[in-house]
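What's in data08.cif: mmCIF, C-alpha atoms
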data_run
loop_
_atom_site.group_PDB
_atom_site.id
_atom_site.type_symbol
_atom_site.label_atom_id
_atom_site.label_comp_id
_atom_site.auth_asym_id
_atom_site.auth_seq_id
_atom_site.Cartn_x
_atom_site.Cartn_y
_atom_site.Cartn_z
ATOM 1 C CA MET T 1 22.602 -48.915 60.927
ATOM 2 C CA ILE T 2 20.280 -48.243 58.039
ATOM 3 C CA SER T 3 19.921 -45.021 56.079
ATOM 4 C CA SER T 4 16.666 -44.513 54.314
ATOM 5 C CA HIS T 5 15.012 -41.825 52.325
ATOM 6 C CA SER T 6 11.253 -41.941 52.381
ATOM 7 C CA HIS T 7 8.390 -40.011 50.953
ATOM 8 C CA ALA T 8 4.962 -40.976 52.197
ATOM 9 C CA ASP T 9 1.677 -40.411 50.449
ATOM 10 C CA ASN T 10 -1.480 -39.554 52.368
ATOM 11 C CA ASP T 11 -2.179 -43.239 52.871
ATOM 12 C CA GLY T 12 1.175 -43.685 54.600
ATOM 13 C CA THR T 13 2.813 -45.766 51.857
ATOM 14 C CA GLU T 14 6.462 -45.139 51.049
ATOM 15 C CA HIS T 15 8.254 -44.298 47.866
ATOM 16 C CA ASP T 16 11.797 -45.307 47.043
ATOM 17 C CA HIS T 17 14.657 -43.154 45.764
ATOM 18 C CA SER T 18 13.158 -42.885 42.315
ATOM 19 C CA HIS T 19 10.330 -40.571 43.357
ATOM 20 C CA ASP T 20 10.085 -37.020 42.100
ATOM 21 C CA HIS T 21 11.146 -34.478 44.718
ATOM 22 C CA VAL T 22 9.306 -31.602 43.084
ATOM 23 C CA PRO T 23 5.903 -30.563 44.481
ATOM 24 C CA LYS T 24 3.208 -30.126 41.911
ATOM 25 C CA VAL T 25 2.533 -26.599 40.653
ATOM 26 C CA THR T 26 -1.182 -26.129 40.183
ATOM 27 C CA GLN T 27 -2.318 -24.890 36.799
ATOM 28 C CA ASP T 28 -5.076 -23.012 38.606
ATOM 29 C CA SER T 29 -2.559 -20.766 40.403
ATOM 30 C CA GLU T 30 -0.645 -20.185 37.199
ATOM 31 C CA ARG T 31 -3.820 -19.293 35.298
ATOM 32 C CA ARG T 32 -5.078 -16.922 37.989
ATOM 33 C CA ILE T 33 -1.824 -14.963 38.048
ATOM 34 C CA PHE T 34 -1.791 -14.711 34.246
ATOM 35 C CA TRP T 35 -5.253 -13.145 34.063
ATOM 36 C CA VAL T 36 -4.558 -10.730 36.913
ATOM 37 C CA MET T 37 -1.344 -9.725 35.152
ATOM 38 C CA CYS T 38 -3.316 -8.890 31.991
ATOM 39 C CA LEU T 39 -5.947 -6.915 33.928
ATOM 40 C CA THR T 40 -3.353 -4.969 35.901
ATOM 41 C CA GLY T 41 -1.195 -4.136 32.884
ATOM 42 C CA GLY T 42 -4.150 -3.033 30.787
ATOM 43 C CA TYR T 43 -5.629 -0.663 33.341
ATOM 44 C CA MET T 44 -2.209 0.651 34.350
ATOM 45 C CA ILE T 45 -1.970 2.477 31.017
ATOM 46 C CA LEU T 46 -5.403 4.079 31.427
ATOM 47 C CA GLN T 47 -4.674 5.122 34.999
ATOM 48 C CA ALA T 48 -1.318 6.674 34.089
ATOM 49 C CA ILE T 49 -3.029 8.756 31.408
ATOM 50 C CA GLY T 50 -5.710 9.769 33.907
ATOM 51 C CA GLY T 51 -3.091 10.740 36.470
ATOM 52 C CA LEU T 52 -1.238 12.939 33.989
ATOM 53 C CA LEU T 53 -4.395 14.650 32.772
ATOM 54 C CA SER T 54 -5.829 15.216 36.261
ATOM 55 C CA GLY T 55 -2.523 16.080 37.946
ATOM 56 C CA SER T 56 -3.135 13.520 40.708
ATOM 57 C CA LEU T 57 -0.120 12.064 42.510
ATOM 58 C CA ALA T 58 -2.342 9.392 44.012
ATOM 59 C CA LEU T 59 -3.274 8.149 40.538
ATOM 60 C CA LEU T 60 0.290 8.389 39.257
ATOM 61 C CA ALA T 61 1.573 6.590 42.352
ATOM 62 C CA ASP T 62 -1.006 3.869 41.896
ATOM 63 C CA SER T 63 -0.224 3.533 38.186
ATOM 64 C CA GLY T 64 3.497 3.304 39.024
ATOM 65 C CA HIS T 65 2.621 0.637 41.549
ATOM 66 C CA MET T 66 0.561 -1.150 38.905
ATOM 67 C CA LEU T 67 3.509 -1.004 36.492
ATOM 68 C CA SER T 68 5.713 -2.707 39.046
ATOM 69 C CA ASP T 69 2.912 -5.122 39.847
ATOM 70 C CA THR T 70 2.554 -6.096 36.201
ATOM 71 C CA ALA T 71 6.255 -6.936 36.128
ATOM 72 C CA ALA T 72 5.982 -8.696 39.508
ATOM 73 C CA LEU T 73 2.993 -10.736 38.370
ATOM 74 C CA ALA T 74 4.838 -11.638 35.181
ATOM 75 C CA LEU T 75 7.758 -12.803 37.323
ATOM 76 C CA ALA T 76 5.423 -14.833 39.547
ATOM 77 C CA TRP T 77 3.754 -16.367 36.501
ATOM 78 C CA PHE T 78 7.138 -17.229 35.000
ATOM 79 C CA ALA T 79 8.165 -18.802 38.319
ATOM 80 C CA PHE T 80 5.147 -21.126 38.174
ATOM 81 C CA ARG T 81 5.936 -22.009 34.570
ATOM 82 C CA LEU T 82 9.559 -22.721 35.419
ATOM 83 C CA ALA T 83 8.644 -24.736 38.515
ATOM 84 C CA SER T 84 6.614 -27.132 36.382
ATOM 85 C CA LYS T 85 9.789 -28.307 34.642
ATOM 86 C CA PRO T 86 10.882 -31.765 35.805
ATOM 87 C CA ALA T 87 13.885 -32.333 38.031
ATOM 88 C CA ASP T 88 17.170 -33.246 36.379
ATOM 89 C CA THR T 89 20.628 -34.416 37.421
ATOM 90 C CA LYS T 90 21.799 -30.875 38.171
ATOM 91 C CA ARG T 91 18.647 -29.788 40.028
ATOM 92 C CA SER T 92 17.269 -32.756 41.943
ATOM 93 C CA TYR T 93 14.487 -30.603 43.411
ATOM 94 C CA GLY T 94 13.655 -29.059 40.062
ATOM 95 C CA TYR T 95 13.081 -25.315 39.707
ATOM 96 C CA HIS T 96 10.475 -24.949 42.416
ATOM 97 C CA ARG T 97 12.638 -22.707 44.615
ATOM 98 C CA PHE T 98 12.482 -20.029 41.877
ATOM 99 C CA GLN T 99 9.035 -19.199 43.271
ATOM 100 C CA ILE T 100 10.684 -18.073 46.510
ATOM 101 C CA LEU T 101 13.210 -15.963 44.598
ATOM 102 C CA ALA T 102 10.313 -14.331 42.745
ATOM 103 C CA ALA T 103 8.492 -13.614 45.999
ATOM 104 C CA PHE T 104 11.654 -12.150 47.565
ATOM 105 C CA THR T 105 12.227 -9.926 44.524
ATOM 106 C CA ASN T 106 8.603 -8.782 44.561
ATOM 107 C CA GLY T 107 8.927 -7.815 48.210
ATOM 108 C CA LEU T 108 12.032 -5.735 47.523
ATOM 109 C CA THR T 109 10.321 -3.872 44.684
ATOM 110 C CA LEU T 110 7.544 -2.871 47.081
ATOM 111 C CA PHE T 111 10.128 -1.062 49.248
ATOM 112 C CA PHE T 112 11.313 1.000 46.281
ATOM 113 C CA ILE T 113 7.767 1.809 45.190
ATOM 114 C CA ALA T 114 6.804 3.005 48.670
ATOM 115 C CA GLY T 115 9.944 5.145 48.860
ATOM 116 C CA TRP T 116 9.162 6.796 45.524
ATOM 117 C CA ILE T 117 5.590 7.572 46.590
ATOM 118 C CA ILE T 118 6.761 9.181 49.852
ATOM 119 C CA PHE T 119 9.419 11.227 48.030
ATOM 120 C CA GLU T 120 6.910 12.539 45.488
ATOM 121 C CA ALA T 121 4.335 13.255 48.192
ATOM 122 C CA ILE T 122 6.789 15.432 50.131
ATOM 123 C CA GLY T 123 7.429 17.440 46.979
ATOM 124 C CA ARG T 124 3.689 17.900 46.396
ATOM 125 C CA LEU T 125 3.157 19.068 49.995
ATOM 126 C CA MET T 126 5.911 21.660 49.620
ATOM 127 C CA GLN T 127 4.632 22.836 46.232
ATOM 128 C CA PRO T 128 0.922 22.000 45.911
ATOM 129 C CA GLY T 129 -0.510 21.658 42.428
ATOM 130 C CA GLU T 130 -4.005 21.748 40.925
ATOM 131 C CA VAL T 131 -5.807 18.387 40.846
ATOM 132 C CA LEU T 132 -8.910 17.666 38.731
ATOM 133 C CA GLY T 133 -11.025 15.855 41.300
ATOM 134 C CA GLY T 134 -13.763 14.711 38.904
ATOM 135 C CA MET T 135 -11.471 12.955 36.449
ATOM 136 C CA MET T 136 -9.452 11.565 39.332
ATOM 137 C CA LEU T 137 -12.580 10.049 40.891
ATOM 138 C CA VAL T 138 -13.720 8.347 37.676
ATOM 139 C CA VAL T 139 -10.302 6.795 36.960
ATOM 140 C CA ALA T 140 -9.821 5.714 40.574
ATOM 141 C CA CYS T 141 -13.232 3.998 40.638
ATOM 142 C CA GLY T 142 -12.331 2.059 37.500
ATOM 143 C CA GLY T 143 -9.015 1.058 39.070
ATOM 144 C CA LEU T 144 -10.795 -0.083 42.211
ATOM 145 C CA ALA T 145 -13.103 -2.352 40.201
ATOM 146 C CA ILE T 146 -10.151 -3.928 38.368
ATOM 147 C CA ASN T 147 -8.190 -4.420 41.586
ATOM 148 C CA ILE T 148 -11.139 -6.003 43.391
ATOM 149 C CA LEU T 149 -11.518 -8.465 40.523
ATOM 150 C CA GLY T 150 -7.799 -9.251 40.603
ATOM 151 C CA PHE T 151 -7.833 -9.647 44.387
ATOM 152 C CA LEU T 152 -10.748 -12.091 44.239
ATOM 153 C CA LEU T 153 -9.039 -14.135 41.532
ATOM 154 C CA LEU T 154 -5.869 -14.529 43.603
ATOM 155 C CA HIS T 155 -7.591 -14.805 46.989
ATOM 156 C CA HIS T 156 -9.404 -17.949 45.875
ATOM 157 C CA GLY T 157 -6.134 -19.528 44.708
ATOM 158 C CA ASP T 158 -3.472 -21.303 46.764
ATOM 159 C CA ARG T 159 -2.985 -18.817 49.619
ATOM 160 C CA HIS T 160 -0.325 -21.014 51.293
ATOM 161 C CA ASN T 161 2.034 -20.579 48.352
ATOM 162 C CA VAL T 162 4.482 -17.743 49.083
ATOM 163 C CA ASN T 163 4.696 -16.847 45.389
ATOM 164 C CA MET T 164 0.915 -16.378 45.313
ATOM 165 C CA GLN T 165 1.128 -14.376 48.536
ATOM 166 C CA GLY T 166 3.639 -12.017 46.940
ATOM 167 C CA ALA T 167 1.356 -11.481 43.950
ATOM 168 C CA LEU T 168 -1.631 -10.995 46.258
ATOM 169 C CA LEU T 169 0.208 -8.357 48.299
ATOM 170 C CA HIS T 170 0.970 -6.385 45.163
ATOM 171 C CA VAL T 171 -2.680 -6.431 44.127
ATOM 172 C CA MET T 172 -3.736 -5.453 47.660
ATOM 173 C CA GLY T 173 -1.389 -2.488 47.453
ATOM 174 C CA ASP T 174 -3.050 -1.453 44.187
ATOM 175 C CA LEU T 175 -6.488 -1.852 45.745
ATOM 176 C CA LEU T 176 -5.529 0.358 48.689
ATOM 177 C CA GLY T 177 -4.068 2.884 46.277
ATOM 178 C CA SER T 178 -7.357 3.066 44.390
ATOM 179 C CA ILE T 179 -9.316 3.523 47.630
ATOM 180 C CA ALA T 180 -6.944 6.295 48.705
ATOM 181 C CA ALA T 181 -7.313 8.006 45.329
ATOM 182 C CA ILE T 182 -11.116 7.856 45.595
ATOM 183 C CA ILE T 183 -11.086 9.360 49.100
ATOM 184 C CA ALA T 184 -8.631 12.064 48.011
ATOM 185 C CA ALA T 185 -10.783 12.886 44.962
ATOM 186 C CA LEU T 186 -13.909 13.213 47.120
ATOM 187 C CA ILE T 187 -12.113 15.488 49.595
ATOM 188 C CA ILE T 188 -10.825 17.675 46.763
ATOM 189 C CA LEU T 189 -14.275 17.886 45.148
ATOM 190 C CA LEU T 190 -16.022 18.698 48.438
ATOM 191 C CA THR T 191 -13.456 20.979 50.107
ATOM 192 C CA GLY T 192 -10.859 21.933 47.497
ATOM 193 C CA TRP T 193 -8.071 20.776 49.853
ATOM 194 C CA MET T 194 -5.361 19.642 47.421
ATOM 195 C CA ALA T 195 -3.065 18.289 50.162
ATOM 196 C CA ALA T 196 -5.400 15.303 50.560
ATOM 197 C CA ASP T 197 -3.880 13.771 47.436
ATOM 198 C CA PRO T 198 -0.229 13.440 48.648
ATOM 199 C CA ILE T 199 -1.195 12.769 52.271
ATOM 200 C CA LEU T 200 -3.297 9.729 51.404
ATOM 201 C CA SER T 201 -0.561 8.588 49.023
ATOM 202 C CA VAL T 202 1.861 8.470 51.982
ATOM 203 C CA LEU T 203 -0.655 6.453 54.001
ATOM 204 C CA VAL T 204 -0.811 3.844 51.233
ATOM 205 C CA ALA T 205 3.000 3.791 51.026
ATOM 206 C CA LEU T 206 3.257 2.982 54.752
ATOM 207 C CA ILE T 207 0.801 0.102 54.378
ATOM 208 C CA ILE T 208 2.802 -1.189 51.418
ATOM 209 C CA LEU T 209 6.004 -1.075 53.494
ATOM 210 C CA LYS T 210 4.458 -3.214 56.225
ATOM 211 C CA SER T 211 3.351 -5.852 53.727
ATOM 212 C CA ALA T 212 6.717 -5.776 51.958
ATOM 213 C CA TYR T 213 8.601 -6.403 55.194
ATOM 214 C CA GLY T 214 6.514 -9.477 56.017
ATOM 215 C CA LEU T 215 6.972 -10.939 52.534
ATOM 216 C CA VAL T 216 10.740 -10.345 52.396
ATOM 217 C CA ARG T 217 11.199 -11.740 55.913
ATOM 218 C CA ARG T 218 9.312 -14.948 55.127
ATOM 219 C CA ALA T 219 10.880 -15.524 51.701
ATOM 220 C CA GLY T 220 14.345 -14.751 53.102
ATOM 221 C CA HIS T 221 13.837 -17.269 55.904
ATOM 222 C CA ILE T 222 13.055 -19.966 53.340
ATOM 223 C CA LEU T 223 16.024 -19.018 51.135
ATOM 224 C CA LEU T 224 18.319 -19.268 54.176
ATOM 225 C CA GLU T 225 16.877 -22.755 54.815
ATOM 226 C CA GLY T 226 15.553 -21.777 58.214
ATOM 227 C CA THR T 227 13.401 -24.187 60.192
ATOM 228 C CA PRO T 228 9.765 -23.933 59.038
ATOM 229 C CA GLU T 229 7.835 -21.668 61.385
ATOM 230 C CA ASN T 230 5.136 -24.269 62.013
ATOM 231 C CA LEU T 231 7.581 -27.037 63.022
ATOM 232 C CA ASP T 232 8.909 -27.493 66.567
ATOM 233 C CA MET T 233 11.792 -29.953 66.256
ATOM 234 C CA ALA T 234 11.984 -30.612 70.016
ATOM 235 C CA LEU T 235 8.266 -31.420 70.041
ATOM 236 C CA ILE T 236 8.667 -33.816 67.087
ATOM 237 C CA ARG T 237 11.500 -35.589 68.906
ATOM 238 C CA ASP T 238 9.579 -35.915 72.166
ATOM 239 C CA LYS T 239 6.409 -37.132 70.466
ATOM 240 C CA LEU T 240 8.272 -39.727 68.401
ATOM 241 C CA ILE T 241 9.960 -41.184 71.483
ATOM 242 C CA ALA T 242 6.666 -41.225 73.394
ATOM 243 C CA TYR T 243 4.711 -42.743 70.482
ATOM 244 C CA LEU T 244 7.102 -45.560 69.530
ATOM 245 C CA PRO T 245 8.583 -47.505 72.485
ATOM 246 C CA ASP T 246 11.367 -48.975 70.334
ATOM 247 C CA ILE T 247 12.853 -45.497 69.752
ATOM 248 C CA ILE T 248 15.663 -44.702 72.207
ATOM 249 C CA ASP T 249 16.742 -41.312 70.890
ATOM 250 C CA VAL T 250 16.293 -38.899 67.975
ATOM 251 C CA HIS T 251 19.171 -36.589 67.061
ATOM 252 C CA HIS T 252 20.885 -34.775 64.185
ATOM 253 C CA MET T 253 17.511 -33.279 63.319
ATOM 254 C CA HIS T 254 17.294 -30.740 60.513
ATOM 255 C CA ALA T 255 14.301 -29.154 58.793
ATOM 256 C CA TRP T 256 13.938 -26.620 56.011
ATOM 257 C CA SER T 257 11.435 -25.684 53.330
ATOM 258 C CA LEU T 258 11.645 -26.235 49.610
ATOM 259 C CA THR T 259 8.665 -23.880 49.392
ATOM 260 C CA ALA T 260 6.451 -22.478 52.146
ATOM 261 C CA GLU T 261 4.057 -25.422 51.867
ATOM 262 C CA LYS T 262 6.717 -28.131 51.412
ATOM 263 C CA PRO T 263 8.806 -28.916 54.558
ATOM 264 C CA ILE T 264 11.704 -31.369 54.368
ATOM 265 C CA VAL T 265 13.105 -33.147 57.422
ATOM 266 C CA THR T 266 16.193 -35.266 58.083
ATOM 267 C CA MET T 267 16.993 -37.068 61.344
ATOM 268 C CA HIS T 268 18.916 -39.930 62.935
ATOM 269 C CA VAL T 269 16.771 -42.328 64.969
ATOM 270 C CA GLN T 270 18.356 -44.701 67.478
ATOM 271 C CA VAL T 271 16.186 -47.814 67.959
ATOM 272 C CA ARG T 272 16.400 -50.902 70.158
ATOM 273 C CA PRO T 273 18.351 -53.873 68.704
ATOM 274 C CA SER T 274 15.183 -55.975 68.666
ATOM 275 C CA ALA T 275 13.286 -53.442 66.510
ATOM 276 C CA ASP T 276 12.451 -54.313 62.898
ATOM 277 C CA LEU T 277 13.937 -51.463 60.871
ATOM 278 C CA GLU T 278 11.547 -51.644 57.920
ATOM 279 C CA THR T 279 8.541 -51.619 60.248
ATOM 280 C CA MET T 280 10.011 -48.710 62.206
ATOM 281 C CA LEU T 281 10.572 -46.782 59.015
ATOM 282 C CA ARG T 282 6.939 -47.145 57.976
ATOM 283 C CA GLU T 283 5.642 -46.232 61.437
ATOM 284 C CA ILE T 284 7.840 -43.148 61.760
ATOM 285 C CA ASN T 285 6.833 -41.809 58.354
ATOM 286 C CA ALA T 286 3.142 -42.476 59.004
ATOM 287 C CA PHE T 287 3.446 -40.631 62.322
ATOM 288 C CA LEU T 288 5.240 -37.625 60.780
ATOM 289 C CA LEU T 289 2.589 -37.387 58.096
ATOM 290 C CA SER T 290 -0.431 -37.690 60.394
ATOM 291 C CA GLU T 291 0.849 -35.510 63.255
ATOM 292 C CA PHE T 292 2.923 -32.852 61.483
ATOM 293 C CA ASP T 293 1.918 -33.093 57.801
ATOM 294 C CA ILE T 294 5.502 -34.005 56.835
ATOM 295 C CA ASP T 295 5.496 -36.257 53.784
ATOM 296 C CA HIS T 296 9.165 -35.892 52.850
ATOM 297 C CA ALA T 297 11.687 -37.198 55.406
ATOM 298 C CA THR T 298 15.152 -38.685 55.158
ATOM 299 C CA LEU T 299 15.739 -41.027 58.104
ATOM 300 C CA GLN T 300 18.849 -42.823 59.338
ATOM 301 C CA LEU T 301 17.905 -45.686 61.648
ATOM 302 C CA GLU T 302 20.687 -46.979 63.888
ATOM 303 C CA HIS T 303 21.163 -49.334 66.834
ATOM 304 C CA ASP T 304 24.063 -47.393 68.341
ATOM 305 C CA ASN T 305 24.013 -43.651 68.945
ATOM 306 C CA CYS T 306 26.371 -42.097 66.434
ATOM 307 C CA PRO T 307 28.890 -39.420 67.543
ATOM 308 C CA GLN T 308 27.404 -35.925 67.799
ATOM 309 C CA ASP T 309 28.842 -33.361 65.381
#
Can the structure in the file be given as structure tokens, please?
Amino acid sequence: MISSHSHADNDGTEHDHSHDHVPKVTQDSERRIFWVMCLTGGYMILQAIGGLLSGSLALLADSGHMLSDTAALALAWFAFRLASKPADTKRSYGYHRFQILAAFTNGLTLFFIAGWIIFEAIGRLMQPGEVLGGMMLVVACGGLAINILGFLLLHHGDRHNVNMQGALLHVMGDLLGSIAAIIAALIILLTGWMAADPILSVLVALIILKSAYGLVRRAGHILLEGTPENLDMALIRDKLIAYLPDIIDVHHMHAWSLTAEKPIVTMHVQVRPSADLETMLREINAFLLSEFDIDHATLQLEHDNCPQD
């Protein structure tokens, strides 16, 4: 029996136990989130003032969303900064999982924001107030321009990173809020129908809730160390046995994610007595990398099938 931990690069070569377990955090992603955070926080103040002066719930809701987003983006940015710290004896995988905690927290805040918007909208529908459509339109158009810029900055970043996805969802919610405020302002200017403001605010809140649920579900799955959604463990087992004739059985298979883009796999592989274990190790890792994009696997190679737990 031989136990081996292996980490293969794209060329299929192995690393020994001394390799760094922590995936690299791109400075590009960190920089993009920082600038979007500054843009969002700066315009949030202007939009809140515009909402108070115009009496628009849609603008106030969007500015409240932007306030939360500024905090959420700051949390996401801090998560990237923290994840760049090297691993140590207490945290062998480093601080990279903090990104998932940040994404999970951001998703939860979206639920509270949507609830507040719906609560305020119901109050406005029961007791309508005067809304200055002209001022509302100007402020909302400015917010839309800022949100489009922020969306483009994040959209061209690492979209597979769940921390970036959480930040992107917040900005998308702001963008939708600005669009809703513009539509509400136009309706008020053209028809004088003040109810358009809270009604469109509720529509945005429902869209935010849908996005929040998806983010919390995905981040929670990773935090609970669930099997990565793109990995079929039975398929991996069957393909390994079919690909390498010296493999008799594959069992005790486990897979989880350090981050959304970083799967980790462990397994026991029973091989024929005549098989060369070092050669098998290289071939298995090369196969996992080429077929399933798994570059971090801990393998136990054995001649006899160990007892099942």
Nearest candidate to T:Ala212 (options T:Ile199, T:Leu125, T:Leu57, T:Leu168; using all atoms listed in the file): T:Leu168
What does the distance between atom CA of T:Lys239 and atom CA of T:Leu223 come to in Å, to one decimal place?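 A separation of 28.2 Å between them.
Considering the residues T:Ala48, T:Met253, T:Leu149, T:Met135 and counting all atoms listed in the file, T:Trp35 has its shortest atom-to-atom contact with T:Leu149.
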For T:Ala76, find every residue with an atom within 9 Å (counting all atoms listed in the file), except residues of its own chain fewer than 5 positions away, and show them as a list of chain:residue names.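 The residues satisfying every condition are T:Glu30, T:Ile33, T:Phe34, T:Ala71, T:Arg81, T:Gln99, T:Ala102, T:Ala103, T:Asn106, T:Asn163, T:Met164, T:Gly166, T:Ala167.
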Expand the PyMOL selection byres ((chain T and resi 50) around 12) into the individual residues it matches in the shown file, reporting them as a VMD selection string. chain T and resid 43 to 49 51 to 63 131 to 143 181
Write the residues of the selection above to a file with C-alpha atoms, as a compact mmCIF listing (two decimals), in the coordinates of the input.
# COMPACT_ATOMS: atom_id res chain seq x y z
CA TYR T 43 -5.63 -0.66 33.34
CA MET T 44 -2.21 0.65 34.35
CA ILE T 45 -1.97 2.48 31.02
CA LEU T 46 -5.40 4.08 31.43
CA GLN T 47 -4.67 5.12 35.00
CA ALA T 48 -1.32 6.67 34.09
CA ILE T 49 -3.03 8.76 31.41
CA GLY T 51 -3.09 10.74 36.47
CA LEU T 52 -1.24 12.94 33.99
CA LEU T 53 -4.39 14.65 32.77
CA SER T 54 -5.83 15.22 36.26
CA GLY T 55 -2.52 16.08 37.95
CA SER T 56 -3.14 13.52 40.71
CA LEU T 57 -0.12 12.06 42.51
CA ALA T 58 -2.34 9.39 44.01
CA LEU T 59 -3.27 8.15 40.54
CA LEU T 60 0.29 8.39 39.26
CA ALA T 61 1.57 6.59 42.35
CA ASP T 62 -1.01 3.87 41.90
CA SER T 63 -0.22 3.53 38.19
CA VAL T 131 -5.81 18.39 40.85
CA LEU T 132 -8.91 17.67 38.73
CA GLY T 133 -11.02 15.86 41.30
CA GLY T 134 -13.76 14.71 38.90
CA MET T 135 -11.47 12.96 36.45
CA MET T 136 -9.45 11.56 39.33
CA LEU T 137 -12.58 10.05 40.89
CA VAL T 138 -13.72 8.35 37.68
CA VAL T 139 -10.30 6.80 36.96
CA ALA T 140 -9.82 5.71 40.57
CA CYS T 141 -13.23 4.00 40.64
CA GLY T 142 -12.33 2.06 37.50
CA GLY T 143 -9.02 1.06 39.07
CA ALA T 181 -7.31 8.01 45.33
I need the residue nearest T:Gln270 from this list: T:Met37, T:Lys210, T:Gln300, T:Leu288. Use only C-alpha atoms for the distance.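 Closest to T:Gln270 of all the choices is T:Gln300.
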So, counting only C-alpha atoms, which residue among T:Ile247, T:Ile113, T:Arg282, T:Ala205 is closest to T:Glu302? T:Ile247
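Evaluated on this file, the PyMOL selection byres ((chain T and resi 151) around 9) matches Val36, Ile146, Asn147, Ile148, Leu149, Gly150, Leu152, Leu153, Leu154, His155, His156, Leu168, Val171, Met172 and Leu175 of chain T.
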With C-alpha atoms retained, write the just-selected residues as an mmCIF file, in the frame of the given file.
data_model
loop_
_atom_site.group_PDB
_atom_site.id
_atom_site.type_symbol
_atom_site.label_atom_id
_atom_site.label_comp_id
_atom_site.auth_asym_id
_atom_site.auth_seq_id
_atom_site.Cartn_x
_atom_site.Cartn_y
_atom_site.Cartn_z
ATOM 1 C CA VAL T 36 -4.558 -10.730 36.913
ATOM 2 C CA ILE T 146 -10.151 -3.928 38.368
ATOM 3 C CA ASN T 147 -8.190 -4.420 41.586
ATOM 4 C CA ILE T 148 -11.139 -6.003 43.391
ATOM 5 C CA LEU T 149 -11.518 -8.465 40.523
ATOM 6 C CA GLY T 150 -7.799 -9.251 40.603
ATOM 7 C CA LEU T 152 -10.748 -12.091 44.239
ATOM 8 C CA LEU T 153 -9.039 -14.135 41.532
ATOM 9 C CA LEU T 154 -5.869 -14.529 43.603
ATOM 10 C CA HIS T 155 -7.591 -14.805 46.989
ATOM 11 C CA HIS T 156 -9.404 -17.949 45.875
ATOM 12 C CA LEU T 168 -1.631 -10.995 46.258
ATOM 13 C CA VAL T 171 -2.680 -6.431 44.127
ATOM 14 C CA MET T 172 -3.736 -5.453 47.660
ATOM 15 C CA LEU T 175 -6.488 -1.852 45.745
#
How many Å separate atom CA of T:Ser290 from atom CA of T:Val271?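 Result for atom CA of T:Ser290 versus atom CA of T:Val271: 20.9 Å, one decimal.
With all atoms listed in the file taken into account, the protein and nucleic acid residues at most 7 Å from stretch 263-269 of chain T (excluding it and anything under 6 positions from it in its own chain) are Pro228, Ile247, Asp249, Val250, His251, His252, Met253, His254, Ala255, Trp256, Ser257, Ile294, His296, Ala297, Thr298, Leu299, Gln300, Leu301 and Glu302 of chain T.
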If you count only C-alpha atoms, the residue of T:Leu281, T:Ala234, T:Ala275, T:Leu108 closest to T:Val216 turns out to be T:Leu108
